[in-house]
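Structure below is my_file.cif: mmCIF, C-alpha atoms, pLDDT in the B column; chains and numbers go by the auth columns.
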```cif
data_final
loop_
_atom_site.group_PDB
_atom_site.id
_atom_site.type_symbol
_atom_site.label_atom_id
_atom_site.label_comp_id
_atom_site.label_asym_id
_atom_site.label_seq_id
_atom_site.Cartn_x
_atom_site.Cartn_y
_atom_site.Cartn_z
_atom_site.B_iso_or_equiv
_atom_site.auth_seq_id
_atom_site.auth_asym_id
ATOM 1 C CA LYS A 1 134.398 138.870 38.517 77.00 194 A
ATOM 2 C CA PHE A 2 135.142 140.520 41.842 84.00 195 A
ATOM 3 C CA THR A 3 131.662 140.070 43.268 87.00 196 A
ATOM 4 C CA HIS A 4 130.967 141.033 46.869 89.00 197 A
ATOM 5 C CA PRO A 5 131.262 137.438 48.183 88.00 198 A
ATOM 6 C CA VAL A 6 134.654 137.050 46.487 88.00 199 A
ATOM 7 C CA GLN A 7 135.868 140.342 47.955 89.00 200 A
ATOM 8 C CA HIS A 8 134.699 139.287 51.422 90.00 201 A
ATOM 9 C CA LEU A 9 136.521 135.986 50.958 89.00 202 A
ATOM 10 C CA ILE A 10 139.729 137.880 50.151 89.00 203 A
ATOM 11 C CA ASP A 11 139.203 140.191 53.116 90.00 204 A
ATOM 12 C CA LYS A 12 139.037 137.203 55.506 88.00 205 A
ATOM 13 C CA GLN A 13 142.295 135.723 54.184 86.00 206 A
ATOM 14 C CA ASP A 14 145.102 136.141 56.731 84.00 207 A
ATOM 15 C CA THR A 15 147.820 133.823 55.402 88.00 208 A
ATOM 16 C CA TRP A 16 149.647 134.742 52.202 92.00 209 A
ATOM 17 C CA LEU A 17 152.607 133.029 50.570 91.00 210 A
ATOM 18 C CA MET A 18 155.257 135.435 49.282 91.00 211 A
ATOM 19 C CA VAL A 19 156.240 134.567 45.698 89.00 212 A
ATOM 20 C CA ASP A 20 158.477 137.552 45.019 88.00 213 A
ATOM 21 C CA GLU A 21 159.007 141.041 46.328 89.00 214 A
ATOM 22 C CA GLY A 22 155.578 142.656 46.368 90.00 215 A
ATOM 23 C CA ILE A 23 153.757 139.517 45.165 92.00 216 A
ATOM 24 C CA GLU A 24 151.764 137.240 47.474 93.00 217 A
ATOM 25 C CA ILE A 25 149.432 134.350 46.717 94.00 218 A
ATOM 26 C CA CYS A 26 146.900 132.148 48.480 92.00 219 A
ATOM 27 C CA ASP A 27 144.632 129.215 47.713 90.00 220 A
ATOM 28 C CA LYS A 28 140.937 129.116 48.714 89.00 221 A
ATOM 29 C CA HIS A 29 137.747 127.192 47.932 90.00 222 A
ATOM 30 C CA TYR A 30 134.499 128.988 47.199 89.00 223 A
ATOM 31 C CA GLN A 31 130.948 127.833 46.474 89.00 224 A
ATOM 32 C CA ARG A 32 128.059 129.956 45.294 87.00 225 A
ATOM 33 C CA LYS A 33 124.518 129.021 46.263 85.00 226 A
ATOM 34 C CA THR A 34 123.746 127.931 42.709 87.00 227 A
ATOM 35 C CA TRP A 35 126.798 125.640 42.467 88.00 228 A
ATOM 36 C CA ASP A 36 126.629 121.963 43.324 90.00 229 A
ATOM 37 C CA LYS A 37 130.203 121.873 44.661 91.00 230 A
ATOM 38 C CA GLN A 38 133.103 124.051 45.720 91.00 231 A
ATOM 39 C CA ARG A 39 135.596 125.416 43.244 91.00 232 A
ATOM 40 C CA ARG A 40 139.237 126.213 43.732 92.00 233 A
ATOM 41 C CA LEU A 41 140.153 129.887 43.731 91.00 234 A
ATOM 42 C CA VAL A 42 143.756 131.099 43.426 92.00 235 A
ATOM 43 C CA ILE A 43 144.154 134.698 44.626 92.00 236 A
ATOM 44 C CA VAL A 44 147.163 136.901 43.859 93.00 237 A
ATOM 45 C CA ARG A 45 147.877 140.327 45.291 92.00 238 A
ATOM 46 C CA GLN A 46 150.620 142.716 44.194 93.00 239 A
ATOM 47 C CA LYS A 47 151.799 145.672 46.228 92.00 240 A
ATOM 48 C CA ILE A 48 151.374 148.900 44.298 92.00 241 A
ATOM 49 C CA ALA A 49 154.416 150.539 45.929 91.00 242 A
ATOM 50 C CA ASN A 50 156.698 147.767 44.651 91.00 243 A
ATOM 51 C CA ARG A 51 154.872 147.142 41.363 90.00 244 A
ATOM 52 C CA PRO A 52 153.090 150.301 40.176 89.00 245 A
ATOM 53 C CA ASN A 53 152.273 148.725 36.798 85.00 246 A
ATOM 54 C CA ALA A 54 150.832 145.542 38.276 85.00 247 A
ATOM 55 C CA THR A 55 147.612 144.302 36.715 83.00 248 A
ATOM 56 C CA GLY A 56 144.537 143.535 38.793 85.00 249 A
ATOM 57 C CA ARG A 57 141.854 145.353 40.725 87.00 250 A
ATOM 58 C CA THR A 58 141.525 147.089 44.037 88.00 251 A
ATOM 59 C CA LEU A 59 138.751 145.905 46.334 89.00 252 A
ATOM 60 C CA SER A 60 135.852 148.305 45.830 88.00 253 A
ATOM 61 C CA LEU A 61 134.187 147.255 49.104 88.00 254 A
ATOM 62 C CA PHE A 62 137.197 148.310 51.171 88.00 255 A
ATOM 63 C CA PRO A 63 138.528 151.565 49.655 85.00 256 A
ATOM 64 C CA GLU A 64 139.667 152.948 53.025 85.00 257 A
ATOM 65 C CA ASP A 65 141.191 149.745 54.391 87.00 258 A
ATOM 66 C CA GLU A 66 144.844 150.330 55.275 85.00 259 A
ATOM 67 C CA ILE A 67 145.966 147.011 53.776 87.00 260 A
ATOM 68 C CA HIS A 68 143.689 146.493 50.779 89.00 261 A
ATOM 69 C CA ARG A 69 144.187 149.936 49.263 88.00 262 A
ATOM 70 C CA ASN A 70 147.902 149.193 48.880 90.00 263 A
ATOM 71 C CA TYR A 71 147.340 146.083 46.720 92.00 264 A
ATOM 72 C CA ARG A 72 145.906 145.079 43.378 92.00 265 A
ATOM 73 C CA TYR A 73 144.202 141.693 43.353 92.00 266 A
ATOM 74 C CA SER A 74 143.558 139.075 40.699 90.00 267 A
ATOM 75 C CA ALA A 75 141.742 135.763 41.148 90.00 268 A
ATOM 76 C CA TYR A 76 141.455 132.586 39.078 88.00 269 A
ATOM 77 C CA PHE A 77 138.904 129.798 39.292 89.00 270 A
ATOM 78 C CA THR A 78 140.522 126.552 38.212 89.00 271 A
ATOM 79 C CA ASN A 79 140.199 122.782 38.380 89.00 272 A
ATOM 80 C CA ASN A 80 143.950 122.473 37.910 86.00 273 A
ATOM 81 C CA GLU A 81 145.729 120.574 40.688 86.00 274 A
ATOM 82 C CA PHE A 82 149.089 122.316 40.288 89.00 275 A
ATOM 83 C CA ALA A 83 150.535 124.496 43.040 89.00 276 A
ATOM 84 C CA ALA A 84 148.969 127.958 43.301 89.00 277 A
ATOM 85 C CA THR A 85 152.133 129.674 42.025 89.00 278 A
ATOM 86 C CA ASP A 86 152.230 127.377 38.970 89.00 279 A
ATOM 87 C CA VAL A 87 148.564 128.057 38.239 88.00 280 A
ATOM 88 C CA TRP A 88 149.162 131.816 38.376 88.00 281 A
ATOM 89 C CA ARG A 89 152.242 131.659 36.123 86.00 282 A
ATOM 90 C CA MET A 90 150.415 129.474 33.620 85.00 283 A
ATOM 91 C CA TYR A 91 147.418 131.795 33.371 83.00 284 A
ATOM 92 C CA ARG A 92 149.649 134.865 33.257 79.00 285 A
ATOM 93 C CA GLN A 93 151.286 133.531 30.094 75.00 286 A
ATOM 94 C CA ARG A 94 147.846 133.433 28.492 75.00 287 A
ATOM 95 C CA GLY A 95 147.061 136.990 29.530 67.00 288 A
ATOM 96 C CA ASP A 96 147.746 138.509 26.120 69.00 289 A
ATOM 97 C CA ALA A 97 145.694 135.908 24.247 73.00 290 A
ATOM 98 C CA GLU A 98 142.477 137.917 24.686 73.00 291 A
ATOM 99 C CA ASN A 99 144.095 140.943 23.036 74.00 292 A
ATOM 100 C CA ARG A 100 145.139 138.843 20.042 77.00 293 A
ATOM 101 C CA ILE A 101 141.618 137.383 19.713 78.00 294 A
ATOM 102 C CA LYS A 102 140.113 140.876 19.885 78.00 295 A
ATOM 103 C CA GLU A 103 142.506 142.090 17.183 78.00 296 A
ATOM 104 C CA LEU A 104 141.663 139.138 14.918 79.00 297 A
ATOM 105 C CA LYS A 105 137.967 139.944 15.247 79.00 298 A
ATOM 106 C CA ALA A 106 138.204 143.723 14.864 76.00 299 A
ATOM 107 C CA ASP A 107 140.978 144.137 12.282 76.00 300 A
ATOM 108 C CA PHE A 108 141.126 140.872 10.329 77.00 301 A
ATOM 109 C CA GLY A 109 137.424 140.031 10.113 73.00 302 A
ATOM 110 C CA ALA A 110 137.735 136.710 11.926 73.00 303 A
ATOM 111 C CA GLU A 111 134.110 136.900 13.098 73.00 304 A
ATOM 112 C CA SER A 112 132.533 138.665 10.120 73.00 305 A
ATOM 113 C CA PHE A 113 132.457 135.779 7.639 71.00 306 A
ATOM 114 C CA ASN A 114 130.111 132.814 7.733 72.00 307 A
ATOM 115 C CA LEU A 115 130.133 130.830 4.502 75.00 308 A
ATOM 116 C CA LYS A 116 127.751 128.045 3.486 80.00 309 A
ATOM 117 C CA GLY A 117 130.194 125.160 3.820 84.00 310 A
ATOM 118 C CA PHE A 118 132.772 124.130 6.385 86.00 311 A
ATOM 119 C CA TYR A 119 135.763 124.077 4.025 88.00 312 A
ATOM 120 C CA PRO A 120 135.217 127.581 2.558 85.00 313 A
ATOM 121 C CA THR A 121 134.857 128.920 6.101 83.00 314 A
ATOM 122 C CA GLU A 122 138.041 127.121 7.128 86.00 315 A
ATOM 123 C CA ALA A 123 139.887 128.548 4.101 87.00 316 A
ATOM 124 C CA ALA A 124 138.758 132.090 4.970 83.00 317 A
ATOM 125 C CA LEU A 125 139.930 131.621 8.560 83.00 318 A
ATOM 126 C CA ILE A 126 143.307 130.287 7.385 87.00 319 A
ATOM 127 C CA PHE A 127 143.823 133.325 5.132 86.00 320 A
ATOM 128 C CA SER A 128 142.933 135.621 8.046 84.00 321 A
ATOM 129 C CA MET A 129 145.550 133.886 10.188 85.00 322 A
ATOM 130 C CA ILE A 130 148.147 134.138 7.391 88.00 323 A
ATOM 131 C CA ALA A 131 147.467 137.889 7.115 85.00 324 A
ATOM 132 C CA TYR A 132 147.772 138.259 10.885 84.00 325 A
ATOM 133 C CA ASN A 133 151.071 136.348 10.982 86.00 326 A
ATOM 134 C CA LEU A 134 152.503 138.430 8.126 86.00 327 A
ATOM 135 C CA MET A 135 151.598 141.615 9.969 83.00 328 A
ATOM 136 C CA SER A 136 153.165 140.221 13.152 81.00 329 A
ATOM 137 C CA ILE A 137 156.416 139.560 11.270 82.00 330 A
ATOM 138 C CA PHE A 138 156.261 143.100 9.850 80.00 331 A
ATOM 139 C CA ARG A 139 155.832 144.582 13.318 79.00 332 A
ATOM 140 C CA ILE A 140 158.636 142.510 14.852 76.00 333 A
ATOM 141 C CA PHE A 141 161.317 142.796 12.149 73.00 334 A
ATOM 142 C CA VAL A 142 160.509 146.118 10.450 69.00 335 A
ATOM 143 C CA LEU A 143 158.846 148.402 12.997 71.00 336 A
ATOM 144 C CA GLN A 144 160.717 146.933 15.997 71.00 337 A
ATOM 145 C CA LYS A 145 158.532 148.744 18.531 69.00 338 A
ATOM 146 C CA LYS A 146 158.015 147.709 22.135 65.00 339 A
ATOM 147 C CA THR A 147 154.260 148.258 21.851 67.00 340 A
ATOM 148 C CA GLN A 148 152.320 146.233 19.276 70.00 341 A
ATOM 149 C CA LYS A 149 150.167 148.578 17.182 73.00 342 A
ATOM 150 C CA THR A 150 146.880 147.267 15.833 75.00 343 A
ATOM 151 C CA LEU A 151 146.254 146.948 12.107 77.00 344 A
ATOM 152 C CA SER A 152 143.930 149.972 12.099 74.00 345 A
ATOM 153 C CA THR A 153 146.719 152.113 13.596 75.00 346 A
ATOM 154 C CA LEU A 154 149.313 150.775 11.146 77.00 347 A
ATOM 155 C CA ARG A 155 146.965 151.386 8.239 76.00 348 A
ATOM 156 C CA TYR A 156 146.883 155.147 8.824 71.00 349 A
ATOM 157 C CA ARG A 157 150.468 155.549 10.028 73.00 350 A
ATOM 158 C CA THR A 158 152.296 153.307 7.559 74.00 351 A
ATOM 159 C CA PHE A 159 150.155 152.026 4.670 75.00 352 A
ATOM 160 C CA ALA A 160 147.446 154.597 3.852 75.00 353 A
ATOM 161 C CA ILE A 161 149.847 157.284 2.615 80.00 354 A
ATOM 162 C CA GLY A 162 149.166 159.297 -0.517 83.00 355 A
ATOM 163 C CA ALA A 163 151.674 158.735 -3.327 84.00 356 A
ATOM 164 C CA TYR A 164 152.117 158.870 -7.107 86.00 357 A
ATOM 165 C CA PHE A 165 154.667 157.824 -9.729 88.00 358 A
ATOM 166 C CA GLU A 166 156.622 160.397 -11.713 88.00 359 A
ATOM 167 C CA ARG A 167 159.004 159.758 -14.594 89.00 360 A
ATOM 168 C CA VAL A 168 162.248 161.699 -14.321 87.00 361 A
ATOM 169 C CA GLY A 169 164.283 161.071 -17.436 87.00 362 A
ATOM 170 C CA HIS A 170 164.516 157.305 -17.799 87.00 363 A
ATOM 171 C CA THR A 171 163.782 156.714 -14.098 88.00 364 A
ATOM 172 C CA LEU A 172 160.381 156.104 -12.560 88.00 365 A
ATOM 173 C CA LYS A 173 160.241 157.660 -9.086 85.00 366 A
ATOM 174 C CA LEU A 174 157.663 157.210 -6.363 80.00 367 A
ATOM 175 C CA LYS A 175 156.582 160.454 -4.722 83.00 368 A
ATOM 176 C CA ILE A 176 155.173 159.906 -1.228 81.00 369 A
ATOM 177 C CA ALA A 177 153.208 162.560 0.652 82.00 370 A
ATOM 178 C CA LEU A 178 155.020 162.697 3.962 80.00 371 A
ATOM 179 C CA THR A 179 155.887 165.572 6.258 78.00 372 A
ATOM 180 C CA LYS A 180 159.580 166.220 6.844 77.00 373 A
ATOM 181 C CA LYS A 181 159.384 164.822 10.374 76.00 374 A
ATOM 182 C CA ARG A 182 158.103 161.472 9.109 77.00 375 A
ATOM 183 C CA ARG A 183 160.348 161.111 6.063 77.00 376 A
ATOM 184 C CA LYS A 184 163.409 160.019 8.025 77.00 377 A
ATOM 185 C CA TRP A 185 161.309 157.542 10.014 74.00 378 A
ATOM 186 C CA PHE A 186 159.748 156.101 6.861 76.00 379 A
ATOM 187 C CA ARG A 187 163.120 155.624 5.117 74.00 380 A
ATOM 188 C CA GLY A 188 164.511 154.011 8.252 73.00 381 A
ATOM 189 C CA LEU A 189 161.834 151.306 8.281 69.00 382 A
ATOM 190 C CA TRP A 190 163.808 149.239 5.779 62.00 383 A
ATOM 191 C CA ASP A 191 167.293 150.052 7.066 65.00 384 A
ATOM 192 C CA TYR A 192 167.329 147.333 9.734 59.00 385 A
ATOM 193 C CA PRO A 193 169.501 144.354 8.784 57.00 386 A
ATOM 194 C CA ILE A 194 167.404 141.183 8.808 52.00 387 A
ATOM 195 C CA ASP A 195 169.235 137.893 9.065 52.00 388 A
ATOM 196 C CA LEU A 196 166.978 135.097 7.832 46.00 389 A
ATOM 197 C CA GLN A 197 169.670 132.435 7.589 49.00 390 A
ATOM 198 C CA MET A 198 168.628 129.068 9.001 44.00 391 A
ATOM 199 C CA LYS A 199 171.001 126.924 10.971 45.00 392 A
ATOM 200 C CA ILE A 200 170.480 123.192 10.528 41.00 393 A
ATOM 201 C CA SER A 201 172.146 120.754 12.900 41.00 394 A
ATOM 202 C CA THR A 202 172.270 116.996 12.595 38.00 395 A
ATOM 203 C CA ALA A 203 172.479 114.519 15.434 39.00 396 A
#
```
Let me see the file written as structure tokens.
Amino acid sequence: KFTHPVQHLIDKQDTWLMVDEGIEICDKHYQRKTWDKQRRLVIVRQKIANRPNATGRTLSLFPEDEIHRNYRYSAYFTNNEFAATDVWRMYRQRGDAENRIKELKADFGAESFNLKGFYPTEAALIFSMIAYNLMSIFRIFVLQKKTQKTLSTLRYRTFAIGAYFERVGHTLKLKIALTKKRRKWFRGLWDYPIDLQMKISTA
């Protein structure tokens, strides 16, 4: 959290190491009154002009400061002894993990079951993960969208569509209730060629 002491610590920092254009990083140690020892704090700032979509926060204590208002800051407490740039890159790779955990809880019921025994609970969790992985494959290979839609969004856009079967002569046809604008999109979902061939190499 960007508490006032942390923001003041960032404000006093004068030396920054440039990682890339518009990205700078520094390494500090900070100790709260309730802590028995100092903790390492890696601070990253990204210039908004160079990286308008950069994640992070502006410093609320210094909204009019000429320097701070041009940057978004992120900070990481860590006991890792790697270089500050390596720590930042490592944590950045985990950045999307929280979104996946939230989706598992909200859409796949990962926190709504609590069975009497360990093994039934484990089995329920495994089936939730299988369902999540199947939906991930569907999104990657069928939808092929840049943004990953949640299951609740996919349910109403793709799965929860009114339909009925109708026999025409000797053929059973599926009638789907779709507007003309969505019909072409829906047919095109299954038009992508999917190559599932596996290549096996031997040493």
Item to complete: Report as a PyMOL selection string the full result of the PyMOL selection byres ((chain A and resi 200) around 10) when it is applied to this structure.
Response: chain A and resi 194-199+201-205+251-255+266
Next, the residues of the selection above should be written as a JSON list (two decimals), keeping the file's coordinate frame with C-alpha atoms.
```json
[["chain", "number", "residue", "atom", "x", "y", "z"],
["A", 194, "LYS", "CA", 134.40, 138.87, 38.52],
["A", 195, "PHE", "CA", 135.14, 140.52, 41.84],
["A", 196, "THR", "CA", 131.66, 140.07, 43.27],
["A", 197, "HIS", "CA", 130.97, 141.03, 46.87],
["A", 198, "PRO", "CA", 131.26, 137.44, 48.18],
["A", 199, "VAL", "CA", 134.65, 137.05, 46.49],
["A", 201, "HIS", "CA", 134.70, 139.29, 51.42],
["A", 202, "LEU", "CA", 136.52, 135.99, 50.96],
["A", 203, "ILE", "CA", 139.73, 137.88, 50.15],
["A", 204, "ASP", "CA", 139.20, 140.19, 53.12],
["A", 205, "LYS", "CA", 139.04, 137.20, 55.51],
["A", 251, "THR", "CA", 141.52, 147.09, 44.04],
["A", 252, "LEU", "CA", 138.75, 145.90, 46.33],
["A", 253, "SER", "CA", 135.85, 148.30, 45.83],
["A", 254, "LEU", "CA", 134.19, 147.26, 49.10],
["A", 255, "PHE", "CA", 137.20, 148.31, 51.17],
["A", 266, "TYR", "CA", 144.20, 141.69, 43.35]]
```
Worksheet entry | Residues selected by the PyMOL selection byres ((chain A and resi 232) around 9), written as a count of residues only | 12
Worksheet item: Could you state the separation of atom CA of Arg250 of chain A and atom CA of Arg293 of chain A in Å, given to one decimal place?
Response: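 Atom-to-atom, atom CA of Arg250 of chain A and atom CA of Arg293 of chain A are spaced 21.9 Å apart.
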Fill in: Best match for closeness to Val237 of chain A among A:Ile354, A:Leu327, A:Ala299, A:Leu210, counting all atoms listed in the file
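Selected residue with least distance to Val237 of chain A: A:Leu210.
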Discussion item. Which residues, named as in the file, does the PyMOL selection byres ((chain A and resi 212) around 12) pick out? Answer as a PyMOL selection string.
Written reply: chain A and resi 209-211+213-219+237-240+276-279+281-282
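Between atom CA of Asn263 of chain A and atom CA of Arg244 of chain A the separation is 10.5 Å.
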Worksheet item: Please, what distance in Å, to one decimal, runs between atom CA of Ala242 of chain A and atom CA of Tyr264 of chain A?
Response: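 Distance reported for this atom pair: 8.4 Å.
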Fill in: Polymer residues at most 12 Å from Ser329 of chain A, only C-alpha atoms, same-chain spacing of 2 or more positions, as an NGL selection string
:A and (293 or 296-297 or 322-327 or 331-338 or 340-344 or 347)
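The nearest approach to Ala268 of chain A among the residues A:Val235, A:Ala290, A:Ala317, A:Leu367, with only C-alpha atoms taken into account, belongs to A:Val235.
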Could you work out an axis-aligned box for segment 271-274 of chain A, taking every atom the file lists and adding 5 Å on each side, and report centre and edge lengths in Å to one decimal, as JSON?
```
{"center_x": 143.0, "center_y": 123.6, "center_z": 39.3, "size_x": 15.5, "size_y": 16.0, "size_z": 12.8}
```
Fill in: Point (134.6, 131.6, 12.8) neighbourhood (12 Å, only C-alpha atoms) written as a list in words
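The residues near that point, listed by chain and number, are Ile294, Leu297, Lys298, Phe301, Gly302, Ala303, Glu304, Ser305, Phe306, Asn307, Leu308, Gly310, Phe311, Tyr312, Pro313, Thr314, Glu315, Ala316, Ala317, Leu318, Ile319, Ser321 and Met322 of chain A.
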